[in-house]
Amino acid sequence: MKFGVSTFITDQGIAPDALGRAVEERGFDSLLIAEHTHIPVDRRSPYPGGGDLPEMYYRTLDPFVALSAAAAVTERLLLGTGIALVAQRDPIVTAKEVASLDLVSGGRAVFGVGVGWNREEMENHGTDPTTRGRLVNERLGAMRELWTAEKAEFHGEFVDFDPVYSWPKPVRRPHPPIWVGGGEGAFGRVADFGDVWLANRTAPEQLGPQIERLREAAGREVPVTVYAAPDDPATIEGFEQIGVERLLLYLPTRPETESVEILDRLAAAADRFR
């Protein structure tokens with residue numbers, strides 16, 4: 001089983017270059033970071049984790065800028081979004097950002113995607129929350145065309161453009177892997193677009209049957225990465241037993257000295273299974 005790190009990069013925590021270097025030095029294979037463009041003051045959508053919305057949600061850096069900083073000081077680390085809120089993103093601009101990250105990192109970009117939960121946030125981007133699933137699917141389809149076709153075009157319900165040129169093309173062919181986040185409601189999206197299912201933090205005994213249902217829905221074996229996994233040895237062993245390919249151990253957002261200390265603990269937990 002492989003091990004990576006998932007976290008929120010903010011202006012109050014460890015800088016992205018220092019974080020990338022520290023994660024790679026400790027033998028992790030990947031770093032995925034969260035995205036929120038903003039948080040509306042009048043927020044009615046309940047936080048999925050329950051209680052008050054943690055401060056880190058209000059202060060996230062742009063993921064592609066942060067990951068580019070990490071790319072500049074690392075050599076092997078996979079660098080990805082966990083997750084990019086595609087329902088809030090222009091597909092042409094986002095395709096260029098992903099391809100640019102893949103180019104400057106030498107083919108190490110991972111495009112983790114999801115639909116999001118904060119309805120007020122997506123409404124500020126002009127997105128109707130009731131159709132965000134269909135919107136995300138179309139935008140993913142359009143981005144795939146932009147990455148792979150010399151003259152890309154797309155005509156759909158939400159995305160519509162005549163033939164265009166778009167460079168750079170990604171280093172990774174046909175395009176950087178798409179890791180689709182979400183629960184069972186995302187299984188159709190995983191089947192159509194996903195190279196990996198980026199599963200929410202779920203106990204192994206619940207995740208095992210979900211993986212079987214996913215593979216039935218997709219009609220193929222789909223690698224599974226668990227987002228924000230705990231470093232508890234018994235839980236890690238449970239994930240290993242059900243065939244999870246990768247765990248993204250959760251790093252709280254802290255200043256550099258404290259972050260490095262936590263990474264040392266996470267690395268020690270991972271080393272028992274590597």
# chains A, B, ... in the order shown; residues from 1 in each chain; ligands from 1
>>> residues_around(residues="A:Thr7", least_positions_apart="4", cutoff="7 Å", atoms="only C-alpha atoms", output="list of chain:residue names")
A:Leu32, A:Ile33, A:Ala34, A:Tyr250, A:Leu251, A:Pro252, A:Thr253
>>> write_last_selection(atoms="N, CA and C atoms", output="CSV table (one decimal), in the first residue's frame")
chain,number,residue,atom,x,y,z
A,32,LEU,N,-1.9,15.9,-1.7
A,32,LEU,CA,-3.1,16.4,-2.2
A,32,LEU,C,-3.6,17.5,-1.3
A,33,ILE,N,-4.0,18.6,-1.9
A,33,ILE,CA,-4.5,19.8,-1.1
A,33,ILE,C,-5.9,20.2,-1.5
A,34,ALA,N,-6.6,20.8,-0.5
A,34,ALA,CA,-8.0,21.1,-0.7
A,34,ALA,C,-8.1,22.5,-1.3
A,250,TYR,N,-3.9,12.3,7.0
A,250,TYR,CA,-4.3,13.7,7.2
A,250,TYR,C,-3.4,14.5,8.0
A,251,LEU,N,-2.9,15.7,7.5
A,251,LEU,CA,-2.0,16.6,8.2
A,251,LEU,C,-2.8,17.8,8.5
A,252,PRO,N,-3.0,18.1,9.8
A,252,PRO,CA,-3.7,19.4,10.2
A,252,PRO,C,-2.9,20.6,9.7
A,253,THR,N,-3.5,21.7,9.5
A,253,THR,CA,-2.9,22.9,9.1
A,253,THR,C,-2.2,23.6,10.3
>>> select_by_dssp(residues="stretch 4-248 of chain A", states="strand (DSSP E or B)", output="PyMOL selection string")
chain A and resi 4-7+10+30-33+60+78-81+84-85+109-114+152-155+160-164+178-181+196-199+224-229+246-248
>>> write_last_selection(atoms="C-alpha atoms", output="PDB file, in the first residue's frame")
ATOM      1  CA  GLY A   4       0.497  10.176   0.757  1.00  0.00           C
ATOM      2  CA  VAL A   5      -0.569  13.269   2.650  1.00  0.00           C
ATOM      3  CA  SER A   6      -3.764  15.324   2.420  1.00  0.00           C
ATOM      4  CA  THR A   7      -4.057  18.791   3.925  1.00  0.00           C
ATOM      5  CA  THR A  10      -3.295  28.347   4.080  1.00  0.00           C
ATOM      6  CA  SER A  30       1.813  12.121  -2.992  1.00  0.00           C
ATOM      7  CA  LEU A  31       0.524  15.424  -1.651  1.00  0.00           C
ATOM      8  CA  LEU A  32      -3.100  16.435  -2.234  1.00  0.00           C
ATOM      9  CA  ILE A  33      -4.467  19.770  -1.113  1.00  0.00           C
ATOM     10  CA  THR A  60      -6.876  28.154   1.444  1.00  0.00           C
ATOM     11  CA  LEU A  78       2.759  13.354  -7.017  1.00  0.00           C
ATOM     12  CA  LEU A  79       1.051  16.737  -6.679  1.00  0.00           C
ATOM     13  CA  GLY A  80      -2.694  16.973  -6.745  1.00  0.00           C
ATOM     14  CA  THR A  81      -5.926  18.639  -5.820  1.00  0.00           C
ATOM     15  CA  ALA A  84     -10.679  20.802  -7.082  1.00  0.00           C
ATOM     16  CA  LEU A  85     -14.217  22.161  -7.083  1.00  0.00           C
ATOM     17  CA  ALA A 109       0.119  16.244 -11.615  1.00  0.00           C
ATOM     18  CA  VAL A 110      -2.965  14.499 -10.246  1.00  0.00           C
ATOM     19  CA  PHE A 111      -6.392  16.025 -10.849  1.00  0.00           C
ATOM     20  CA  GLY A 112      -8.578  15.204  -7.868  1.00  0.00           C
ATOM     21  CA  VAL A 113     -12.121  16.435  -8.498  1.00  0.00           C
ATOM     22  CA  GLY A 114     -15.493  16.729  -6.825  1.00  0.00           C
ATOM     23  CA  ALA A 152     -10.624  20.688 -29.325  1.00  0.00           C
ATOM     24  CA  GLU A 153     -14.333  21.372 -29.383  1.00  0.00           C
ATOM     25  CA  PHE A 154     -17.219  20.549 -27.099  1.00  0.00           C
ATOM     26  CA  HIS A 155     -20.965  21.029 -27.363  1.00  0.00           C
ATOM     27  CA  ASP A 160     -20.132  24.856 -25.554  1.00  0.00           C
ATOM     28  CA  PHE A 161     -17.202  25.925 -27.703  1.00  0.00           C
ATOM     29  CA  ASP A 162     -16.197  25.537 -31.336  1.00  0.00           C
ATOM     30  CA  PRO A 163     -12.711  24.217 -32.251  1.00  0.00           C
ATOM     31  CA  VAL A 164      -9.910  25.837 -30.254  1.00  0.00           C
ATOM     32  CA  ILE A 178      -8.410  11.977 -12.675  1.00  0.00           C
ATOM     33  CA  TRP A 179      -9.141  10.977  -9.096  1.00  0.00           C
ATOM     34  CA  VAL A 180     -12.884  11.305  -8.557  1.00  0.00           C
ATOM     35  CA  GLY A 181     -13.915  12.177  -5.024  1.00  0.00           C
ATOM     36  CA  VAL A 196      -9.005   6.364  -9.192  1.00  0.00           C
ATOM     37  CA  TRP A 197     -11.838   6.619  -6.689  1.00  0.00           C
ATOM     38  CA  LEU A 198     -10.843   9.169  -4.063  1.00  0.00           C
ATOM     39  CA  ALA A 199     -12.985   7.852  -1.248  1.00  0.00           C
ATOM     40  CA  VAL A 224      -9.005   3.279  -4.447  1.00  0.00           C
ATOM     41  CA  THR A 225      -7.303   6.057  -2.503  1.00  0.00           C
ATOM     42  CA  VAL A 226      -8.715   7.066   0.881  1.00  0.00           C
ATOM     43  CA  TYR A 227      -8.693  10.791   1.637  1.00  0.00           C
ATOM     44  CA  ALA A 228      -7.820  12.153   5.113  1.00  0.00           C
ATOM     45  CA  ALA A 229      -7.119   8.738   6.613  1.00  0.00           C
ATOM     46  CA  ARG A 246      -3.197   4.361  -1.200  1.00  0.00           C
ATOM     47  CA  LEU A 247      -3.936   6.191   2.031  1.00  0.00           C
ATOM     48  CA  LEU A 248      -3.676   9.956   2.228  1.00  0.00           C
TER      49      LEU A 248
END
>>> atom_distance(atom1="atom CA of A:Arg274", atom2="atom CA of A:Ile9")
26.2 Å
>>> closest_atom_pairs(of="stretch 65-123 of chain A", to="stretch 17-24 of chain A", cutoff="8 Å", atoms="only C-alpha atoms", output="JSON lines")
{"residue": "A:Ala66", "atom": "CA", "partner": "A:Asp17", "partner_atom": "CA", "distance": 7.8}
{"residue": "A:Ala69", "atom": "CA", "partner": "A:Asp17", "partner_atom": "CA", "distance": 5.2}
{"residue": "A:Ala70", "atom": "CA", "partner": "A:Asp17", "partner_atom": "CA", "distance": 4.4}
{"residue": "A:Ala71", "atom": "CA", "partner": "A:Gly20", "partner_atom": "CA", "distance": 7.4}
{"residue": "A:Ala72", "atom": "CA", "partner": "A:Asp17", "partner_atom": "CA", "distance": 7.5}
{"residue": "A:Val73", "atom": "CA", "partner": "A:Arg21", "partner_atom": "CA", "distance": 6.1}
{"residue": "A:Thr74", "atom": "CA", "partner": "A:Arg21", "partner_atom": "CA", "distance": 5.9}
{"residue": "A:Arg76", "atom": "CA", "partner": "A:Glu24", "partner_atom": "CA", "distance": 7.3}
{"residue": "A:Leu77", "atom": "CA", "partner": "A:Glu24", "partner_atom": "CA", "distance": 5.9}
>>> write_last_selection(atoms="N, CA, C and O atoms", output="PDB file, in the first residue's frame")
ATOM      1  N   ALA A  66       0.006  26.869  -5.253  1.00  0.00           N
ATOM      2  CA  ALA A  66       0.680  26.191  -4.153  1.00  0.00           C
ATOM      3  C   ALA A  66       1.401  24.928  -4.626  1.00  0.00           C
ATOM      4  O   ALA A  66       2.548  24.658  -4.239  1.00  0.00           O
ATOM      5  N   ALA A  69       4.629  25.643  -6.417  1.00  0.00           N
ATOM      6  CA  ALA A  69       5.719  25.927  -5.486  1.00  0.00           C
ATOM      7  C   ALA A  69       6.307  24.632  -4.939  1.00  0.00           C
ATOM      8  O   ALA A  69       7.532  24.499  -4.817  1.00  0.00           O
ATOM      9  N   ALA A  70       5.440  23.674  -4.616  1.00  0.00           N
ATOM     10  CA  ALA A  70       5.925  22.378  -4.136  1.00  0.00           C
ATOM     11  C   ALA A  70       6.659  21.620  -5.236  1.00  0.00           C
ATOM     12  O   ALA A  70       7.656  20.924  -4.978  1.00  0.00           O
ATOM     13  N   ALA A  71       6.181  21.757  -6.478  1.00  0.00           N
ATOM     14  CA  ALA A  71       6.830  21.062  -7.600  1.00  0.00           C
ATOM     15  C   ALA A  71       8.265  21.526  -7.784  1.00  0.00           C
ATOM     16  O   ALA A  71       9.148  20.740  -8.153  1.00  0.00           O
ATOM     17  N   ALA A  72       8.523  22.808  -7.529  1.00  0.00           N
ATOM     18  CA  ALA A  72       9.841  23.374  -7.783  1.00  0.00           C
ATOM     19  C   ALA A  72      10.915  22.816  -6.851  1.00  0.00           C
ATOM     20  O   ALA A  72      12.099  22.896  -7.175  1.00  0.00           O
ATOM     21  N   VAL A  73      10.515  22.237  -5.717  1.00  0.00           N
ATOM     22  CA  VAL A  73      11.505  21.767  -4.737  1.00  0.00           C
ATOM     23  C   VAL A  73      11.427  20.260  -4.526  1.00  0.00           C
ATOM     24  O   VAL A  73      12.034  19.730  -3.593  1.00  0.00           O
ATOM     25  N   THR A  74      10.672  19.551  -5.360  1.00  0.00           N
ATOM     26  CA  THR A  74      10.554  18.107  -5.244  1.00  0.00           C
ATOM     27  C   THR A  74      10.870  17.455  -6.586  1.00  0.00           C
ATOM     28  O   THR A  74      10.868  18.105  -7.625  1.00  0.00           O
ATOM     29  N   ARG A  76       9.985  13.616  -7.035  1.00  0.00           N
ATOM     30  CA  ARG A  76       9.202  12.391  -7.241  1.00  0.00           C
ATOM     31  C   ARG A  76       7.748  12.515  -6.791  1.00  0.00           C
ATOM     32  O   ARG A  76       6.915  11.721  -7.200  1.00  0.00           O
ATOM     33  N   LEU A  77       7.451  13.464  -5.982  1.00  0.00           N
ATOM     34  CA  LEU A  77       6.158  13.573  -5.321  1.00  0.00           C
ATOM     35  C   LEU A  77       5.036  13.849  -6.313  1.00  0.00           C
ATOM     36  O   LEU A  77       5.122  14.778  -7.123  1.00  0.00           O
TER      37      LEU A  77
END
>>> residues_around(residues="A:Leu207", least_positions_apart="3", cutoff="12 Å", atoms="only C-alpha atoms", output="number ranges by chain")
A: 183-184, 197-204, 210-214, 224-226, 235, 238-244
>>> closest_residue(among="A:Phe158, A:Tyr47, A:Phe28, A:Phe193", to="A:Asp264", atoms="only C-alpha atoms")
A:Phe28
>>> select_by_dssp(residues="stretch 41-211 of chain A", states="helix (DSSP H, G or I)", output="ChimeraX atom specification")
/A:55-58,63-71,86-88,91-104,119-124,129-148,184-193,204-211
>>> atom_distance(atom1="atom CA of A:Asp90", atom2="atom CA of A:Pro54")
26.7 Å
>>> atom_distance(atom1="atom CA of A:Val171", atom2="atom CA of A:Thr148")
10.9 Å
>>> closest_residue(among="A:Pro46, A:Gly156, A:Gly107, A:Pro255", to="A:Arg173", atoms="only C-alpha atoms")
A:Gly107
>>> residues_around(residues="A:Ala270", least_positions_apart="6", cutoff="9 Å", atoms="only C-alpha atoms", output="PyMOL selection string")
chain A and resi 2-3+28+231+233+236+249
>>> residues_around(residues="stretch 36-41 of chain A", least_positions_apart="6", cutoff="12 Å", atoms="only C-alpha atoms", output="number ranges by chain")
A: 8-10, 47, 53-63, 81-89, 114-125
>>> write_last_selection(atoms="N, CA and C atoms", output="tab-separated table (two decimals), in the first residue's frame")
chain	number	residue	atom	x	y	z
A	8	PHE	N	-4.85	21.06	4.07
A	8	PHE	CA	-5.24	22.39	3.60
A	8	PHE	C	-4.02	23.28	3.72
A	9	ILE	N	-3.62	23.91	2.64
A	9	ILE	CA	-2.53	24.88	2.69
A	9	ILE	C	-3.13	26.27	2.80
A	10	THR	N	-2.75	27.01	3.85
A	10	THR	CA	-3.30	28.35	4.08
A	10	THR	C	-2.15	29.32	4.34
A	47	TYR	N	-21.87	22.24	7.51
A	47	TYR	CA	-20.54	21.64	7.34
A	47	TYR	C	-20.66	20.12	7.46
A	53	LEU	N	-17.58	25.59	10.96
A	53	LEU	CA	-16.65	25.39	9.86
A	53	LEU	C	-15.25	25.77	10.33
A	54	PRO	N	-14.26	24.87	10.22
A	54	PRO	CA	-12.90	25.19	10.68
A	54	PRO	C	-12.30	26.36	9.90
A	55	GLU	N	-11.42	27.10	10.58
A	55	GLU	CA	-10.87	28.31	10.00
A	55	GLU	C	-10.10	28.06	8.72
A	56	MET	N	-9.50	26.88	8.58
A	56	MET	CA	-8.68	26.60	7.40
A	56	MET	C	-9.49	26.70	6.11
A	57	TYR	N	-10.79	26.45	6.17
A	57	TYR	CA	-11.63	26.54	4.98
A	57	TYR	C	-11.68	27.96	4.43
A	58	TYR	N	-11.53	28.93	5.30
A	58	TYR	CA	-11.62	30.33	4.90
A	58	TYR	C	-10.33	30.84	4.24
A	59	ARG	N	-9.23	30.11	4.37
A	59	ARG	CA	-7.93	30.70	4.08
A	59	ARG	C	-7.07	29.91	3.10
A	60	THR	N	-7.67	29.00	2.33
A	60	THR	CA	-6.88	28.15	1.44
A	60	THR	C	-6.22	28.95	0.32
A	61	LEU	N	-4.97	28.60	0.01
A	61	LEU	CA	-4.28	29.16	-1.15
A	61	LEU	C	-4.85	28.56	-2.42
A	62	ASP	N	-4.64	29.26	-3.54
A	62	ASP	CA	-4.98	28.67	-4.82
A	62	ASP	C	-4.19	27.36	-4.97
A	63	PRO	N	-4.85	26.25	-5.28
A	63	PRO	CA	-4.14	24.97	-5.27
A	63	PRO	C	-3.06	24.85	-6.33
A	81	THR	N	-4.83	17.97	-6.49
A	81	THR	CA	-5.93	18.64	-5.82
A	81	THR	C	-6.77	17.60	-5.11
A	82	GLY	N	-7.14	17.93	-3.90
A	82	GLY	CA	-7.95	16.99	-3.13
A	82	GLY	C	-8.99	17.72	-2.29
A	83	ILE	N	-10.00	18.29	-2.95
A	83	ILE	CA	-10.32	18.17	-4.37
A	83	ILE	C	-10.44	19.55	-5.00
A	84	ALA	N	-10.33	19.60	-6.34
A	84	ALA	CA	-10.68	20.80	-7.08
A	84	ALA	C	-12.19	20.84	-7.26
A	85	LEU	N	-12.76	22.00	-7.00
A	85	LEU	CA	-14.22	22.16	-7.08
A	85	LEU	C	-14.60	22.53	-8.51
A	86	VAL	N	-14.75	21.50	-9.34
A	86	VAL	CA	-14.96	21.70	-10.77
A	86	VAL	C	-16.25	22.45	-11.06
A	87	ALA	N	-17.24	22.32	-10.20
A	87	ALA	CA	-18.50	23.04	-10.39
A	87	ALA	C	-18.32	24.55	-10.31
A	88	GLN	N	-17.19	25.00	-9.78
A	88	GLN	CA	-16.92	26.42	-9.62
A	88	GLN	C	-15.79	26.91	-10.54
A	89	ARG	N	-15.41	26.08	-11.53
A	89	ARG	CA	-14.22	26.39	-12.32
A	89	ARG	C	-14.53	26.43	-13.81
A	114	GLY	N	-14.24	17.00	-7.51
A	114	GLY	CA	-15.49	16.73	-6.83
A	114	GLY	C	-16.50	17.80	-7.14
A	115	VAL	N	-17.72	17.63	-6.61
A	115	VAL	CA	-18.80	18.58	-6.89
A	115	VAL	C	-18.94	19.63	-5.81
A	116	GLY	N	-18.46	19.35	-4.59
A	116	GLY	CA	-18.56	20.32	-3.51
A	116	GLY	C	-19.85	20.22	-2.74
A	117	TRP	N	-19.87	20.88	-1.56
A	117	TRP	CA	-21.03	20.82	-0.66
A	117	TRP	C	-21.58	22.20	-0.30
A	118	ASN	N	-20.77	23.25	-0.46
A	118	ASN	CA	-21.17	24.58	-0.02
A	118	ASN	C	-21.98	25.27	-1.12
A	119	ARG	N	-23.29	25.21	-1.00
A	119	ARG	CA	-24.17	25.71	-2.06
A	119	ARG	C	-24.01	27.21	-2.27
A	120	GLU	N	-23.84	27.97	-1.20
A	120	GLU	CA	-23.70	29.41	-1.34
A	120	GLU	C	-22.40	29.77	-2.07
A	121	GLU	N	-21.36	29.02	-1.81
A	121	GLU	CA	-20.09	29.25	-2.50
A	121	GLU	C	-20.24	29.03	-4.00
A	122	MET	N	-20.86	27.94	-4.39
A	122	MET	CA	-20.99	27.66	-5.82
A	122	MET	C	-21.97	28.63	-6.49
A	123	GLU	N	-22.99	29.07	-5.76
A	123	GLU	CA	-23.92	30.05	-6.33
A	123	GLU	C	-23.20	31.35	-6.67
A	124	ASN	N	-22.21	31.73	-5.87
A	124	ASN	CA	-21.44	32.94	-6.17
A	124	ASN	C	-20.65	32.81	-7.46
A	125	HIS	N	-20.41	31.58	-7.90
A	125	HIS	CA	-19.73	31.33	-9.17
A	125	HIS	C	-20.73	31.16	-10.32
>>> closest_residue(among="A:Arg220, A:Ala268, A:Ser259, A:Gln206", to="A:Asp232", atoms="only C-alpha atoms")
A:Ala268
>>> residues_around(residues="stretch 138-142 of chain A", least_positions_apart="3", cutoff="6 Å", atoms="only C-alpha atoms", output="ChimeraX atom specification")
/A:91,135,145,154
>>> closest_atom_pairs(of="stretch 141-253 of chain A", to="stretch 96-105 of chain A", cutoff="7 Å", atoms="only C-alpha atoms", output="Markdown table")
| residue | atom | partner | partner_atom | distance |
| --- | --- | --- | --- | --- |
| A:Trp167 | CA | A:Lys96 | CA | 6.9 |
| A:Pro168 | CA | A:Ala99 | CA | 6.1 |
| A:Lys169 | CA | A:Ala99 | CA | 5.8 |
| A:Pro170 | CA | A:Ala99 | CA | 4.5 |
| A:Val171 | CA | A:Leu103 | CA | 5.6 |
>>> write_last_selection(atoms="C-alpha atoms", output="CSV table (one decimal), in the first residue's frame")
chain,number,residue,atom,x,y,z
A,167,TRP,CA,-1.5,24.5,-25.0
A,168,PRO,CA,0.4,23.2,-23.2
A,169,LYS,CA,-0.7,19.6,-23.5
A,170,PRO,CA,0.0,17.5,-20.4
A,171,VAL,CA,3.3,15.6,-20.1
>>> residues_around(residues="A:Ala218", least_positions_apart="4", cutoff="8 Å", atoms="only C-alpha atoms", output="mmCIF file with all heavy atoms, in the first residue's frame")
data_model
loop_
_atom_site.group_PDB
_atom_site.id
_atom_site.type_symbol
_atom_site.label_atom_id
_atom_site.label_comp_id
_atom_site.auth_asym_id
_atom_site.auth_seq_id
_atom_site.Cartn_x
_atom_site.Cartn_y
_atom_site.Cartn_z
ATOM 1 N N PHE A 187 -20.278 7.273 -8.189
ATOM 2 C CA PHE A 187 -19.799 6.076 -8.887
ATOM 3 C C PHE A 187 -19.956 6.178 -10.400
ATOM 4 O O PHE A 187 -19.116 5.689 -11.161
ATOM 5 C CB PHE A 187 -20.517 4.834 -8.369
ATOM 6 C CG PHE A 187 -20.009 4.349 -7.031
ATOM 7 C CD1 PHE A 187 -18.980 5.006 -6.376
ATOM 8 C CD2 PHE A 187 -20.562 3.224 -6.431
ATOM 9 C CE1 PHE A 187 -18.514 4.560 -5.149
ATOM 10 C CE2 PHE A 187 -20.095 2.766 -5.210
ATOM 11 C CZ PHE A 187 -19.077 3.434 -4.562
ATOM 12 N N GLY A 188 -21.024 6.809 -10.871
ATOM 13 C CA GLY A 188 -21.172 6.997 -12.313
ATOM 14 C C GLY A 188 -20.066 7.858 -12.873
ATOM 15 O O GLY A 188 -19.548 7.600 -13.968
ATOM 16 N N VAL A 190 -17.069 8.200 -11.549
ATOM 17 C CA VAL A 190 -15.858 7.382 -11.513
ATOM 18 C C VAL A 190 -15.802 6.476 -12.738
ATOM 19 O O VAL A 190 -14.765 6.344 -13.397
ATOM 20 C CB VAL A 190 -15.795 6.537 -10.224
ATOM 21 C CG1 VAL A 190 -14.554 5.643 -10.227
ATOM 22 C CG2 VAL A 190 -15.783 7.432 -8.989
ATOM 23 N N ALA A 191 -16.928 5.841 -13.057
ATOM 24 C CA ALA A 191 -16.971 4.927 -14.200
ATOM 25 C C ALA A 191 -16.649 5.645 -15.498
ATOM 26 O O ALA A 191 -15.932 5.110 -16.356
ATOM 27 C CB ALA A 191 -18.341 4.264 -14.285
ATOM 28 N N ASP A 192 -17.147 6.873 -15.664
ATOM 29 C CA ASP A 192 -16.990 7.595 -16.927
ATOM 30 C C ASP A 192 -15.653 8.326 -17.038
ATOM 31 O O ASP A 192 -15.111 8.456 -18.147
ATOM 32 C CB ASP A 192 -18.118 8.614 -17.091
ATOM 33 C CG ASP A 192 -19.473 7.954 -17.311
ATOM 34 O OD1 ASP A 192 -19.496 6.770 -17.710
ATOM 35 O OD2 ASP A 192 -20.496 8.622 -17.065
ATOM 36 N N LEU A 214 -18.722 -0.331 -6.343
ATOM 37 C CA LEU A 214 -18.099 0.544 -7.340
ATOM 38 C C LEU A 214 -17.626 -0.260 -8.538
ATOM 39 O O LEU A 214 -17.863 0.123 -9.695
ATOM 40 C CB LEU A 214 -16.922 1.293 -6.719
ATOM 41 C CG LEU A 214 -15.985 2.000 -7.710
ATOM 42 C CD1 LEU A 214 -16.699 3.151 -8.409
ATOM 43 C CD2 LEU A 214 -14.733 2.502 -7.004
ATOM 44 N N VAL A 222 -11.121 -0.629 -10.190
ATOM 45 C CA VAL A 222 -10.830 0.794 -9.998
ATOM 46 C C VAL A 222 -9.953 0.939 -8.759
ATOM 47 O O VAL A 222 -10.373 0.566 -7.661
ATOM 48 C CB VAL A 222 -12.123 1.619 -9.812
ATOM 49 C CG1 VAL A 222 -11.778 3.093 -9.601
ATOM 50 C CG2 VAL A 222 -13.044 1.444 -11.008
#
